[in-house]
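Student: For reference, the file work-v3.csv (CSV, C-alpha atoms and all ligand atoms) is included below:
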chain,number,residue,atom,x,y,z
A,1,MET,CA,-0.1,-7.7,-17.4
A,2,GLN,CA,-0.3,-3.9,-17.6
A,3,LYS,CA,1.1,-2.0,-14.6
A,4,ASN,CA,-1.9,-0.9,-12.7
A,5,VAL,CA,-1.0,-0.3,-9.0
A,6,TYR,CA,-0.8,3.3,-8.0
A,7,PHE,CA,-0.3,5.2,-4.7
A,8,GLU,CA,-1.6,8.3,-3.1
A,9,THR,CA,-1.9,11.6,-5.1
A,10,LEU,CA,-0.6,10.0,-8.4
A,11,GLY,CA,-3.1,7.2,-7.9
A,12,THR,CA,-6.0,9.5,-7.3
A,13,ALA,CA,-5.0,11.4,-10.5
A,14,SER,CA,-4.8,8.1,-12.4
A,15,LEU,CA,-8.2,7.1,-11.3
A,16,ASN,CA,-9.7,10.4,-12.2
A,17,GLN,CA,-8.0,10.2,-15.6
A,18,LEU,CA,-9.3,6.6,-16.1
A,19,VAL,CA,-12.8,7.9,-15.4
A,20,GLN,CA,-12.4,10.9,-17.6
A,21,ASN,CA,-11.2,8.8,-20.6
A,22,GLY,CA,-13.4,5.8,-19.9
A,23,ASN,CA,-16.7,7.3,-20.8
A,24,TYR,CA,-18.5,5.1,-18.4
A,25,SER,CA,-22.2,4.8,-18.5
A,26,LYS,CA,-22.5,4.4,-14.7
A,27,ILE,CA,-20.1,4.5,-11.9
A,28,ILE,CA,-21.0,2.4,-8.9
A,29,VAL,CA,-19.1,2.0,-5.6
A,30,LEU,CA,-19.2,-1.3,-3.6
A,31,VAL,CA,-18.6,-1.1,0.1
A,32,ASP,CA,-19.3,-3.1,3.2
A,33,GLU,CA,-21.1,-1.6,6.2
A,34,ASN,CA,-17.7,-0.7,7.8
A,35,THR,CA,-16.1,0.8,4.8
A,36,HIS,CA,-19.3,2.7,4.0
A,37,GLU,CA,-19.0,4.3,7.4
A,38,LYS,CA,-15.2,4.7,7.7
A,39,CYS,CA,-13.9,5.1,4.1
A,40,LEU,CA,-16.6,6.3,1.7
A,41,ASP,CA,-16.4,10.0,2.6
A,42,LYS,CA,-12.6,10.0,2.5
A,43,PHE,CA,-12.8,8.4,-1.0
A,44,MET,CA,-15.4,10.8,-2.3
A,45,GLU,CA,-13.4,13.8,-1.0
A,46,ARG,CA,-10.6,12.8,-3.4
A,47,THR,CA,-12.8,12.0,-6.5
A,48,PRO,CA,-14.5,14.8,-8.4
A,49,PHE,CA,-16.6,12.5,-10.6
A,50,THR,CA,-20.3,11.6,-10.1
A,51,ILE,CA,-21.1,8.4,-8.4
A,52,ASP,CA,-24.4,6.9,-9.7
A,53,GLY,CA,-24.9,4.3,-6.9
A,54,ILE,CA,-23.6,2.7,-3.8
A,55,ILE,CA,-24.0,-0.9,-3.0
A,56,THR,CA,-23.4,-2.0,0.6
A,57,ILE,CA,-22.8,-5.6,1.7
A,58,LYS,CA,-22.5,-7.1,5.1
A,59,PRO,CA,-18.9,-7.3,6.4
A,60,GLY,CA,-16.8,-10.4,7.0
A,61,GLU,CA,-15.7,-13.6,5.3
A,62,GLU,CA,-19.1,-15.3,6.0
A,63,HIS,CA,-20.6,-13.0,3.5
A,64,LYS,CA,-18.1,-13.8,0.7
A,65,ASN,CA,-20.6,-16.0,-1.0
A,66,ILE,CA,-23.1,-16.4,-3.8
A,67,THR,CA,-26.0,-14.9,-1.8
A,68,THR,CA,-24.1,-11.6,-1.6
A,69,CYS,CA,-23.2,-11.8,-5.3
A,70,ASN,CA,-26.9,-12.2,-6.1
A,71,MET,CA,-27.7,-9.0,-4.2
A,72,VAL,CA,-24.8,-7.2,-5.9
A,73,TRP,CA,-25.8,-8.4,-9.4
A,74,GLN,CA,-29.4,-7.4,-8.7
A,75,SER,CA,-28.3,-3.9,-7.6
A,76,LEU,CA,-26.1,-3.4,-10.7
A,77,ALA,CA,-29.1,-4.3,-12.8
A,78,ASP,CA,-31.4,-2.0,-10.8
A,79,PHE,CA,-28.9,0.9,-11.3
A,80,GLY,CA,-29.1,0.2,-15.0
A,81,CYS,CA,-25.4,-0.8,-15.4
A,82,ASP,CA,-24.2,-2.2,-18.7
A,83,ARG,CA,-20.9,-3.5,-20.1
A,84,LYS,CA,-19.6,0.1,-20.2
A,85,SER,CA,-20.2,0.7,-16.5
A,86,LEU,CA,-17.5,0.8,-13.8
A,87,LEU,CA,-17.6,-0.8,-10.4
A,88,ILE,CA,-15.2,0.6,-7.7
A,89,ASN,CA,-14.6,-1.8,-4.9
A,90,LEU,CA,-13.8,0.2,-1.8
A,91,GLY,CA,-12.9,-2.2,1.0
A,92,GLY,CA,-10.8,-5.1,2.3
A,93,GLY,CA,-10.2,-8.4,0.5
A,94,VAL,CA,-13.8,-9.5,0.9
A,95,VAL,CA,-15.0,-6.5,-1.0
A,96,THR,CA,-12.3,-6.6,-3.7
A,97,ASP,CA,-12.6,-10.4,-4.2
A,98,LEU,CA,-16.4,-10.4,-4.3
A,99,GLY,CA,-16.7,-7.1,-6.2
A,100,GLY,CA,-14.1,-8.2,-8.7
A,101,PHE,CA,-16.0,-11.5,-9.2
A,102,THR,CA,-19.4,-9.9,-9.7
A,103,ALA,CA,-18.0,-7.3,-12.1
A,104,SER,CA,-16.0,-9.8,-14.1
A,105,THR,CA,-19.2,-11.9,-14.6
A,106,PHE,CA,-21.9,-9.2,-14.9
A,107,LYS,CA,-22.9,-9.1,-18.6
A,108,ARG,CA,-19.8,-11.2,-19.1
A,109,GLY,CA,-17.6,-8.5,-17.7
A,110,MET,CA,-17.6,-4.9,-16.8
A,111,ASP,CA,-14.5,-2.8,-15.7
A,112,PHE,CA,-13.7,-2.6,-12.0
A,113,VAL,CA,-11.2,-0.7,-9.9
A,114,ASN,CA,-9.9,-1.8,-6.5
A,115,VAL,CA,-9.4,0.7,-3.7
A,116,PRO,CA,-8.1,-1.4,-0.8
A,117,THR,CA,-8.8,-0.2,2.7
A,118,THR,CA,-7.1,-2.9,4.8
A,119,LEU,CA,-3.4,-3.5,5.0
A,120,LEU,CA,-4.0,-7.0,3.7
A,121,SER,CA,-5.8,-5.8,0.6
A,122,MET,CA,-3.2,-3.1,0.0
A,123,VAL,CA,-0.3,-5.5,-0.2
A,124,ASP,CA,-2.1,-8.5,-1.5
A,125,ALA,CA,-5.9,-9.0,-2.2
A,126,ALA,CA,-6.5,-6.0,-4.4
A,127,ILE,CA,-3.6,-6.8,-6.6
A,128,GLY,CA,-3.2,-9.6,-9.2
A,129,GLY,CA,-6.7,-10.2,-10.5
A,130,LYS,CA,-7.7,-13.3,-8.4
A,131,THR,CA,-11.4,-12.6,-7.9
A,132,GLY,CA,-13.8,-15.0,-6.1
A,133,ILE,CA,-16.1,-16.3,-3.4
A,134,ASP,CA,-16.2,-19.2,-1.0
A,135,PHE,CA,-18.3,-22.2,-1.8
A,136,GLY,CA,-19.9,-23.3,1.5
A,137,VAL,CA,-16.9,-22.9,3.7
A,138,LEU,CA,-14.3,-23.9,1.1
A,139,LYS,CA,-12.2,-20.9,0.3
A,140,ASN,CA,-12.3,-19.1,-3.1
A,141,GLN,CA,-13.6,-22.1,-5.0
A,142,ILE,CA,-15.6,-20.0,-7.5
A,143,GLY,CA,-13.9,-17.2,-9.3
A,144,THR,CA,-12.1,-15.7,-12.2
A,145,ILE,CA,-8.7,-14.2,-12.9
A,146,THR,CA,-9.6,-10.8,-14.2
A,147,GLN,CA,-7.3,-7.8,-13.7
A,148,PRO,CA,-8.8,-4.6,-12.2
A,149,LYS,CA,-8.4,-1.6,-14.5
A,150,LEU,CA,-6.5,0.1,-11.6
A,151,VAL,CA,-5.6,-0.4,-8.0
A,152,LEU,CA,-5.5,2.8,-5.9
A,153,ILE,CA,-3.6,2.6,-2.6
A,154,LEU,CA,-4.4,5.4,-0.1
A,155,GLN,CA,-2.8,4.8,3.3
A,156,THR,CA,-5.2,7.2,5.0
A,157,PHE,CA,-7.7,4.3,5.2
A,158,LEU,CA,-5.5,2.5,7.7
A,159,GLU,CA,-6.2,5.2,10.3
A,160,THR,CA,-9.5,3.5,11.2
A,161,LEU,CA,-8.5,-0.1,10.8
A,162,GLU,CA,-8.5,-2.3,14.0
A,163,LYS,CA,-5.2,-3.5,15.2
A,164,ARG,CA,-6.2,-7.2,14.8
A,165,GLN,CA,-7.0,-6.6,11.1
A,166,PHE,CA,-3.7,-4.7,10.6
A,167,VAL,CA,-1.7,-7.6,12.1
A,168,SER,CA,-3.6,-10.0,9.8
A,169,GLY,CA,-2.3,-8.1,6.8
A,170,TYR,CA,1.2,-8.2,8.3
A,171,ALA,CA,1.1,-12.0,7.8
A,172,GLU,CA,0.9,-11.6,4.0
A,173,MET,CA,3.7,-9.1,4.1
A,174,LEU,CA,5.9,-11.6,6.0
A,175,LYS,CA,4.9,-14.2,3.4
A,176,HIS,CA,6.2,-11.9,0.6
A,177,GLY,CA,9.6,-11.7,2.3
A,178,LEU,CA,9.7,-15.4,2.9
A,179,ILE,CA,8.9,-16.4,-0.6
A,180,ALA,CA,10.8,-13.8,-2.6
A,181,LYS,CA,12.7,-11.1,-0.8
A,182,HIS,CA,15.0,-11.8,2.1
A,183,ALA,CA,15.6,-8.0,2.6
A,184,HIS,CA,11.9,-7.4,3.0
A,185,TRP,CA,11.7,-10.1,5.7
A,186,GLU,CA,14.7,-8.6,7.5
A,187,THR,CA,13.0,-5.1,7.4
A,188,LEU,CA,9.7,-6.4,8.7
A,189,LYS,CA,11.5,-8.5,11.4
A,190,GLN,CA,13.3,-5.4,12.6
A,191,LYS,CA,10.4,-2.9,12.4
A,192,GLN,CA,7.8,-5.3,13.6
A,193,LEU,CA,4.4,-3.5,13.2
A,194,GLU,CA,6.0,-0.1,12.8
A,195,ILE,CA,5.8,-0.3,9.0
A,196,ASP,CA,5.5,2.7,6.7
A,197,ALA,CA,4.5,3.6,3.2
A,198,ASP,CA,7.8,2.3,1.8
A,199,ASP,CA,7.2,-1.1,3.3
A,200,ILE,CA,3.7,-1.3,2.0
A,201,GLU,CA,4.9,-0.4,-1.5
A,202,ALA,CA,7.8,-2.9,-1.2
A,203,SER,CA,5.4,-5.7,-0.2
A,204,SER,CA,2.8,-4.9,-2.9
A,205,GLN,CA,5.7,-4.8,-5.5
A,206,VAL,CA,6.7,-8.4,-4.5
A,207,LYS,CA,3.2,-9.4,-5.5
A,208,VAL,CA,3.1,-7.3,-8.6
A,209,GLY,CA,6.4,-8.7,-9.8
A,210,ILE,CA,5.3,-12.3,-9.4
A,211,VAL,CA,1.9,-11.8,-11.0
A,212,GLU,CA,3.5,-10.0,-13.9
A,213,GLN,CA,5.5,-13.1,-14.7
A,214,ASP,CA,2.6,-15.6,-14.3
A,215,PRO,CA,-0.9,-14.0,-14.1
A,216,TYR,CA,-2.7,-17.3,-14.5
A,217,GLU,CA,-0.8,-19.3,-11.9
A,218,MET,CA,0.8,-21.8,-14.2
A,219,GLY,CA,4.0,-21.8,-12.2
A,220,VAL,CA,5.8,-19.1,-10.2
A,221,ARG,CA,2.6,-17.5,-9.0
A,222,LYS,CA,2.0,-20.6,-6.8
A,223,LYS,CA,4.7,-19.2,-4.5
A,224,LEU,CA,2.2,-16.6,-3.3
A,225,ASN,CA,0.3,-19.6,-1.8
A,226,PHE,CA,3.0,-20.4,0.7
A,227,GLY,CA,1.2,-21.0,4.1
A,228,HIS,CA,-2.2,-21.3,2.3
A,229,THR,CA,-2.4,-25.1,1.7
A,230,LEU,CA,-2.8,-25.8,5.4
A,231,GLY,CA,-3.8,-22.2,6.2
A,232,HIS,CA,-6.9,-22.3,4.0
A,233,ALA,CA,-7.9,-25.7,5.4
A,234,ILE,CA,-7.7,-24.2,8.9
A,235,GLU,CA,-9.6,-21.1,7.9
A,236,SER,CA,-12.4,-23.2,6.3
A,237,TYR,CA,-12.6,-25.4,9.4
A,238,TYR,CA,-13.0,-22.3,11.6
A,239,LEU,CA,-15.6,-20.9,9.3
A,240,GLU,CA,-17.6,-24.1,9.5
A,241,HIS,CA,-17.5,-24.4,13.3
A,242,LEU,CA,-19.3,-21.4,14.6
A,243,THR,CA,-18.5,-22.3,18.2
A,244,LYS,CA,-14.8,-21.7,17.5
A,245,PRO,CA,-13.4,-18.2,17.9
A,246,THR,CA,-13.2,-16.2,14.6
A,247,LEU,CA,-10.0,-16.7,12.7
A,248,LEU,CA,-8.9,-14.0,10.2
A,249,HIS,CA,-7.3,-14.9,6.9
A,250,GLY,CA,-3.9,-13.6,7.9
A,251,GLU,CA,-4.1,-15.4,11.2
A,252,ALA,CA,-4.8,-18.8,9.5
A,253,ILE,CA,-2.0,-18.1,7.1
A,254,ALA,CA,0.4,-17.3,9.9
A,255,ALA,CA,-0.3,-20.7,11.4
A,256,GLY,CA,0.0,-22.2,7.9
A,257,MET,CA,3.5,-20.5,7.5
A,258,ILE,CA,4.8,-22.1,10.7
A,259,LEU,CA,3.4,-25.5,9.7
A,260,GLU,CA,4.7,-25.3,6.1
A,261,GLY,CA,8.0,-23.8,7.5
A,262,TYR,CA,8.4,-27.1,9.4
A,263,LEU,CA,7.6,-29.1,6.2
A,264,SER,CA,10.2,-27.0,4.4
A,265,HIS,CA,12.8,-28.0,7.0
A,266,LYS,CA,11.8,-31.6,6.5
A,267,VAL,CA,11.4,-31.7,2.7
A,268,SER,CA,13.0,-28.8,0.9
A,269,GLY,CA,16.2,-28.0,2.8
A,270,LEU,CA,15.2,-25.0,5.0
A,271,SER,CA,17.7,-24.9,7.8
A,272,LYS,CA,16.7,-25.4,11.4
A,273,VAL,CA,18.1,-21.9,12.2
A,274,SER,CA,15.7,-20.4,9.6
A,275,LEU,CA,12.8,-22.4,10.8
A,276,ASP,CA,13.4,-21.2,14.3
A,277,GLU,CA,13.6,-17.6,13.1
A,278,ILE,CA,10.3,-17.9,11.2
A,279,ASN,CA,8.7,-19.4,14.2
A,280,LYS,CA,10.0,-16.7,16.5
A,281,VAL,CA,9.0,-13.8,14.2
A,282,VAL,CA,5.5,-15.1,13.4
A,283,SER,CA,4.8,-16.2,17.0
A,284,ALA,CA,5.6,-12.7,18.3
A,285,HIS,CA,2.4,-11.4,16.6
A,286,PHE,CA,0.1,-14.4,16.3
A,287,ASP,CA,-1.4,-16.4,19.2
A,288,LYS,CA,-1.0,-20.1,19.1
A,289,ILE,CA,-4.2,-21.9,17.8
A,290,ASP,CA,-5.2,-24.8,20.0
A,291,PHE,CA,-5.5,-27.6,17.6
A,292,GLU,CA,-6.9,-31.0,18.7
A,293,LYS,CA,-5.2,-34.1,17.5
A,294,ASP,CA,-8.4,-35.4,16.0
A,295,GLU,CA,-8.8,-32.2,13.9
A,296,ILE,CA,-5.7,-33.0,11.8
A,297,PRO,CA,-7.4,-35.6,9.5
A,298,ILE,CA,-10.2,-33.0,8.9
A,299,PHE,CA,-7.6,-30.5,7.8
A,300,ILE,CA,-6.0,-33.1,5.5
A,301,ASP,CA,-9.4,-33.8,4.0
A,302,LEU,CA,-10.1,-30.1,3.5
A,303,MET,CA,-6.8,-29.7,1.7
A,304,LYS,CA,-8.2,-32.0,-1.0
A,305,HIS,CA,-10.0,-29.0,-2.3
A,306,ASP,CA,-6.9,-26.8,-2.7
A,307,LYS,CA,-6.7,-25.3,-6.2
A,308,LYS,CA,-3.1,-26.2,-6.6
A,309,ASN,CA,-3.8,-29.9,-6.5
A,310,THR,CA,-3.3,-32.0,-9.6
A,311,HIS,CA,-4.3,-35.6,-10.3
A,312,GLY,CA,-5.4,-36.0,-6.7
A,313,ASN,CA,-2.0,-34.9,-5.3
A,314,ILE,CA,-1.7,-32.1,-2.7
A,315,ASN,CA,1.0,-29.7,-3.9
A,316,PHE,CA,2.7,-27.6,-1.3
A,317,VAL,CA,4.8,-24.4,-1.8
A,318,LEU,CA,7.8,-24.8,0.5
A,319,LEU,CA,11.0,-22.8,1.3
A,320,ARG,CA,14.6,-23.7,0.4
A,321,GLU,CA,15.7,-20.7,2.4
A,322,ILE,CA,14.2,-17.4,3.5
A,323,GLY,CA,13.5,-15.5,0.3
A,324,ASN,CA,13.5,-18.6,-1.9
A,325,ALA,CA,10.4,-20.8,-2.4
A,326,VAL,CA,9.9,-23.9,-4.4
A,327,ILE,CA,6.5,-25.1,-5.9
A,328,ASP,CA,4.8,-28.4,-6.3
A,329,CYS,CA,6.3,-30.2,-3.3
A,330,LYS,CA,4.8,-33.5,-2.0
A,331,VAL,CA,4.7,-34.3,1.7
A,332,SER,CA,3.4,-37.4,3.5
A,333,GLU,CA,0.6,-37.5,6.0
A,334,LYS,CA,3.1,-38.4,8.7
A,335,GLU,CA,5.1,-35.2,8.0
A,336,ILE,CA,1.9,-33.2,8.3
A,337,GLN,CA,1.2,-34.9,11.7
A,338,GLU,CA,4.7,-34.0,12.7
A,339,ALA,CA,4.3,-30.4,11.6
A,340,PHE,CA,1.2,-30.1,13.9
A,341,SER,CA,3.2,-31.6,16.8
A,342,TYR,CA,6.0,-29.1,16.1
A,343,TYR,CA,3.4,-26.2,16.0
A,344,MET,CA,1.8,-27.3,19.3
A,345,ASP,CA,4.9,-28.1,21.2
A,346,ARG,CA,6.8,-24.9,20.5
A,401,LIG,N1,-7.5,-12.1,-4.3
A,401,LIG,C1,-6.4,-12.2,-3.6
A,401,LIG,O1,-5.3,-12.3,-4.2
A,401,LIG,C2,-6.4,-12.3,-2.1
A,401,LIG,C3,-5.2,-12.2,-1.4
A,401,LIG,C4,-5.2,-12.3,0.0
A,401,LIG,C5,-6.5,-12.4,0.6
A,401,LIG,N2,-7.6,-12.5,-0.1
A,401,LIG,C6,-8.9,-12.6,0.6
A,401,LIG,O2,-9.1,-11.4,1.3
A,401,LIG,C7,-10.0,-11.6,2.3
A,401,LIG,C8,-9.4,-11.0,3.6
A,401,LIG,O3,-9.3,-9.6,3.4
A,401,LIG,P1,-9.2,-8.5,4.6
A,401,LIG,O4,-8.3,-9.0,5.6
A,401,LIG,O5,-9.0,-7.2,4.0
A,401,LIG,O6,-10.7,-8.7,5.2
A,401,LIG,P2,-12.1,-7.9,5.1
A,401,LIG,O7,-12.3,-7.5,3.8
A,401,LIG,O8,-13.1,-8.8,5.7
A,401,LIG,O9,-11.8,-6.7,6.0
A,401,LIG,C9,-11.6,-6.8,7.4
A,401,LIG,C10,-12.5,-6.1,8.3
A,401,LIG,O10,-12.1,-4.7,8.3
A,401,LIG,C11,-13.2,-3.8,7.9
A,401,LIG,N3,-12.6,-2.7,7.3
A,401,LIG,C12,-12.0,-2.7,6.1
A,401,LIG,N4,-11.4,-1.5,5.9
A,401,LIG,C13,-11.5,-0.8,7.0
A,401,LIG,C14,-11.1,0.5,7.4
A,401,LIG,N5,-10.3,1.2,6.6
A,401,LIG,N6,-11.4,0.9,8.6
A,401,LIG,C15,-12.1,0.1,9.4
A,401,LIG,N7,-12.6,-1.1,9.1
A,401,LIG,C16,-12.3,-1.5,7.9
A,401,LIG,C17,-14.1,-4.7,7.1
A,401,LIG,O11,-15.4,-4.2,7.1
A,401,LIG,C18,-14.0,-6.0,7.8
A,401,LIG,O12,-14.8,-6.1,8.9
A,401,LIG,C19,-10.1,-13.1,2.5
A,401,LIG,O13,-11.4,-13.5,1.9
A,401,LIG,C20,-9.0,-13.7,1.6
A,401,LIG,O14,-9.3,-14.9,1.1
A,401,LIG,C21,-7.6,-12.5,-1.5
A,402,LIG,O1,-2.6,-13.9,-5.5
A,402,LIG,C1,-2.2,-15.1,-5.3
A,402,LIG,O2,-1.9,-15.9,-6.2
A,402,LIG,C2,-2.2,-15.6,-3.9
A,402,LIG,O3,-2.1,-16.8,-3.7
A,402,LIG,C3,-2.4,-14.7,-2.8
A,402,LIG,C4,-3.0,-15.3,-1.5
A,402,LIG,O4,-2.6,-14.5,-0.4
A,402,LIG,C5,-4.6,-15.2,-1.5
A,402,LIG,O5,-5.1,-15.6,-0.3
A,402,LIG,C6,-5.3,-15.9,-2.6
A,402,LIG,O6,-6.6,-15.6,-2.7
A,402,LIG,C7,-5.2,-17.4,-2.5
A,402,LIG,O7,-5.4,-18.0,-3.7
A,402,LIG,P1,-6.2,-19.3,-3.9
A,402,LIG,O8,-6.0,-19.6,-5.4
A,402,LIG,O9,-5.5,-20.4,-3.0
A,402,LIG,O10,-7.6,-19.1,-3.5
A,403,ZN,ZN,-3.7,-15.0,1.4
Using structure tokens, write down the structure that the file contains.
Tutor:
Amino acid sequence: MQKNVYFETLGTASLNQLVQNGNYSKIIVLVDENTHEKCLDKFMERTPFTIDGIITIKPGEEHKNITTCNMVWQSLADFGCDRKSLLINLGGGVVTDLGGFTASTFKRGMDFVNVPTTLLSMVDAAIGGKTGIDFGVLKNQIGTITQPKLVLILQTFLETLEKRQFVSGYAEMLKHGLIAKHAHWETLKQKQLEIDADDIEASSQVKVGIVEQDPYEMGVRKKLNFGHTLGHAIESYYLEHLTKPTLLHGEAIAAGMILEGYLSHKVSGLSKVSLDEINKVVSAHFDKIDFEKDEIPIFIDLMKHDKKNTHGNINFVLLREIGNAVIDCKVSEKEIQEAFSYYMDR
């Protein structure tokens, strides 16, 4: 995988260079309603090239679906885009996932660039080439692995991001520390939410480093899915039940990390001291979700759609210790029940 993640002034210069050298037939920017209002002007101030069209989608996970893709594909066609056009995805993970997917399939693939505007997309979603949409409420069931030509990270976008969204991104940063870099975990633990540009860069580099080794998720990349086996099931359940409060991706993953932290203690040798530490750090920023006992079988059923499954087995990513993850772990239903009891009784 080519190095393609750039920051601030150097990043802007790299994007401008890409556009200059790319001889693109059209340049289209994809935004959602919020990034249209809060981020588009800031982006355009930094980019001297002509933008031929703007496509605006509705914000939120509930719009990361095929209906929105149809609208985007139609708009690309209406703007006269061809294979030599460029789509710039300016937004959070919903825009970069969906924009990447529509670009990677339009005319069998046009170039795209990700300009992440949430903390979560800066350290995670915009990087690594997983593009996709939800299928019904099932997370990311349809998609491709296609690398963006470039990822441009500009911290200025965080100035308008709501605190709840910022904290959601912090969950994926904690995950990067837990799976691969103890020192990053320690820094985040100390600084809490007072993170700076160096921490954002360090977190994004954990992801870059793993994706470089295994872009198609044959092995080590699965580590980036820590907290997601249960986390995605919980997220899907909340998406399906509209009477439930909204649950952001990072919030679901935070719960998933405590649950899978418990499973790590039971199955893969994580010490009780480390489990307690994970619980303490995550709980300091994420409210407890009130799970009902009779919801657990539903989560287990939803996990059957996890993309890491093989031959009908659910494969978990668990921790041996903080900073060291192990893939393809099996756990019993009883252990999952126990994990929920641990989560609820903390
Ligand atoms: N492809 C990957 O590797 C990967 C990794 C992690 C998460 N994801 C996906 O990313 C999605 C979550 O991404 P997200 O948390 O960025 O959510 P999001 O894209 O829904 O953005 C969160 C909210 O913040 C708004 N927003 C975005 N930037 C803003 C800004 N600068 N100022 C004000 N408001 C702004 C958005 O309009 C939205 O309402 C999920 O669908 C998840 O599955 C993908
Ligand atoms: O990039 C990856 O690989 C990840 O697993 C990063 C996750 O944070 C992200 O939520 C990803 O979209 C989940 O992947 P999925 O294959 O389980 O949909
Ligand atoms: Zn994630």
Student: Return as number ranges by chain every polymer residue, whether protein, DNA or RNA, with at least one atom no more than 8 Å from an atom of ligand ZN 403 (chain A); count only C-alpha atoms and all ligand atoms.
Tutor: A: 124-125, 172, 224-225, 228, 249-250, 253
Student: Which is closest to Ile51 in chain A among A:Ser168, A:Ser203, A:Ser85, A:Asn4, if we use all atoms listed in the file?
Tutor: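 Of the candidates, the smallest distance to Ile51 in chain A is held by A:Ser85.
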Student: Extract, using only C-alpha atoms, all DNA, RNA and protein residues at most 12 Å from Gly209 in chain A, discarding same-chain residues fewer than 5 positions from it, and format them as a PDB file with C-alpha atoms, in the coordinates of the input.
Tutor:
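After the write, selection_6.pdb holds the following:
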ATOM      1  CA  MET A   1      -0.100  -7.700 -17.400  1.00  0.00           C
ATOM      2  CA  GLN A   2      -0.300  -3.900 -17.600  1.00  0.00           C
ATOM      3  CA  LYS A   3       1.100  -2.000 -14.600  1.00  0.00           C
ATOM      4  CA  ASN A   4      -1.900  -0.900 -12.700  1.00  0.00           C
ATOM      5  CA  VAL A   5      -1.000  -0.300  -9.000  1.00  0.00           C
ATOM      6  CA  ASP A 124      -2.100  -8.500  -1.500  1.00  0.00           C
ATOM      7  CA  ILE A 127      -3.600  -6.800  -6.600  1.00  0.00           C
ATOM      8  CA  GLY A 128      -3.200  -9.600  -9.200  1.00  0.00           C
ATOM      9  CA  HIS A 176       6.200 -11.900   0.600  1.00  0.00           C
ATOM     10  CA  ALA A 180      10.800 -13.800  -2.600  1.00  0.00           C
ATOM     11  CA  LYS A 181      12.700 -11.100  -0.800  1.00  0.00           C
ATOM     12  CA  GLU A 201       4.900  -0.400  -1.500  1.00  0.00           C
ATOM     13  CA  ALA A 202       7.800  -2.900  -1.200  1.00  0.00           C
ATOM     14  CA  SER A 203       5.400  -5.700  -0.200  1.00  0.00           C
ATOM     15  CA  SER A 204       2.800  -4.900  -2.900  1.00  0.00           C
ATOM     16  CA  ASP A 214       2.600 -15.600 -14.300  1.00  0.00           C
ATOM     17  CA  PRO A 215      -0.900 -14.000 -14.100  1.00  0.00           C
ATOM     18  CA  VAL A 220       5.800 -19.100 -10.200  1.00  0.00           C
ATOM     19  CA  ARG A 221       2.600 -17.500  -9.000  1.00  0.00           C
ATOM     20  CA  LYS A 223       4.700 -19.200  -4.500  1.00  0.00           C
ATOM     21  CA  LEU A 224       2.200 -16.600  -3.300  1.00  0.00           C
TER      22      LEU A 224
END
Student: With a distance cut-off of 9 Å and only C-alpha atoms, select the neighbouring residues of Gly91 in chain A, excluding the residue or stretch itself and same-chain residues fewer than 2 positions from it, and output the selection as a ChimeraX atom specification.
Tutor: /A:30-32,34-36,39,89,93-96,114-118,121
Student: Which residues are close to Lys330 in chain A, i.e. within 7 Å by only C-alpha atoms, leaving aside same-chain residues fewer than 6 positions away? Reply as a PyMOL selection string.
Tutor: chain A and resi 314-316
Student: Which residue out of A:Glu33, A:Glu194, A:Glu333, A:Asp306 has the minimum interatomic distance to ligand LIG 401 (chain A) when only C-alpha atoms and all ligand atoms are used?
Tutor: A:Glu33
Student: Which residue gives the smallest distance to ligand LIG 402 (chain A) among A:Glu159, A:Glu45, A:Asp78, A:Glu235, with all atoms listed in the file counted?
Tutor: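 Closest to ligand LIG 402 (chain A), using all atoms listed in the file: A:Glu235.
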Student: Please indicate the distance in Å from atom N2 of ligand LIG 401 (chain A) to CA of Lys207 in chain A, rounded to one decimal place.
Tutor: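 Taking atom N2 of ligand LIG 401 (chain A) and CA of Lys207 in chain A, their separation equals 12.5 Å.
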Student: Which one is closest to ligand LIG 401 (chain A): A:Asn21, A:Gln141, A:Ser268, A:Gln190? Count only C-alpha atoms and all ligand atoms.
Tutor: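 Selected residue with least distance to ligand LIG 401 (chain A): A:Gln141.
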Student: Using all atoms listed in the file, can you tell me which of A:His285, A:Thr160, A:Leu239, A:Phe135 comes closest to Leu174 in chain A?
Tutor: A:His285
Student: For ligand LIG 401 (chain A), which residue among A:Phe43, A:Leu120, A:Ser75, A:Thr56 is the nearest when counting all atoms listed in the file?
Tutor: A:Leu120
Student: Go ahead and compute the interatomic distance for atom O9 of ligand LIG 402 (chain A) and CA of Gln147 in chain A, in Å to one decimal.
Tutor: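 Result for atom O9 of ligand LIG 402 (chain A) versus CA of Gln147 in chain A: 16.6 Å, one decimal.
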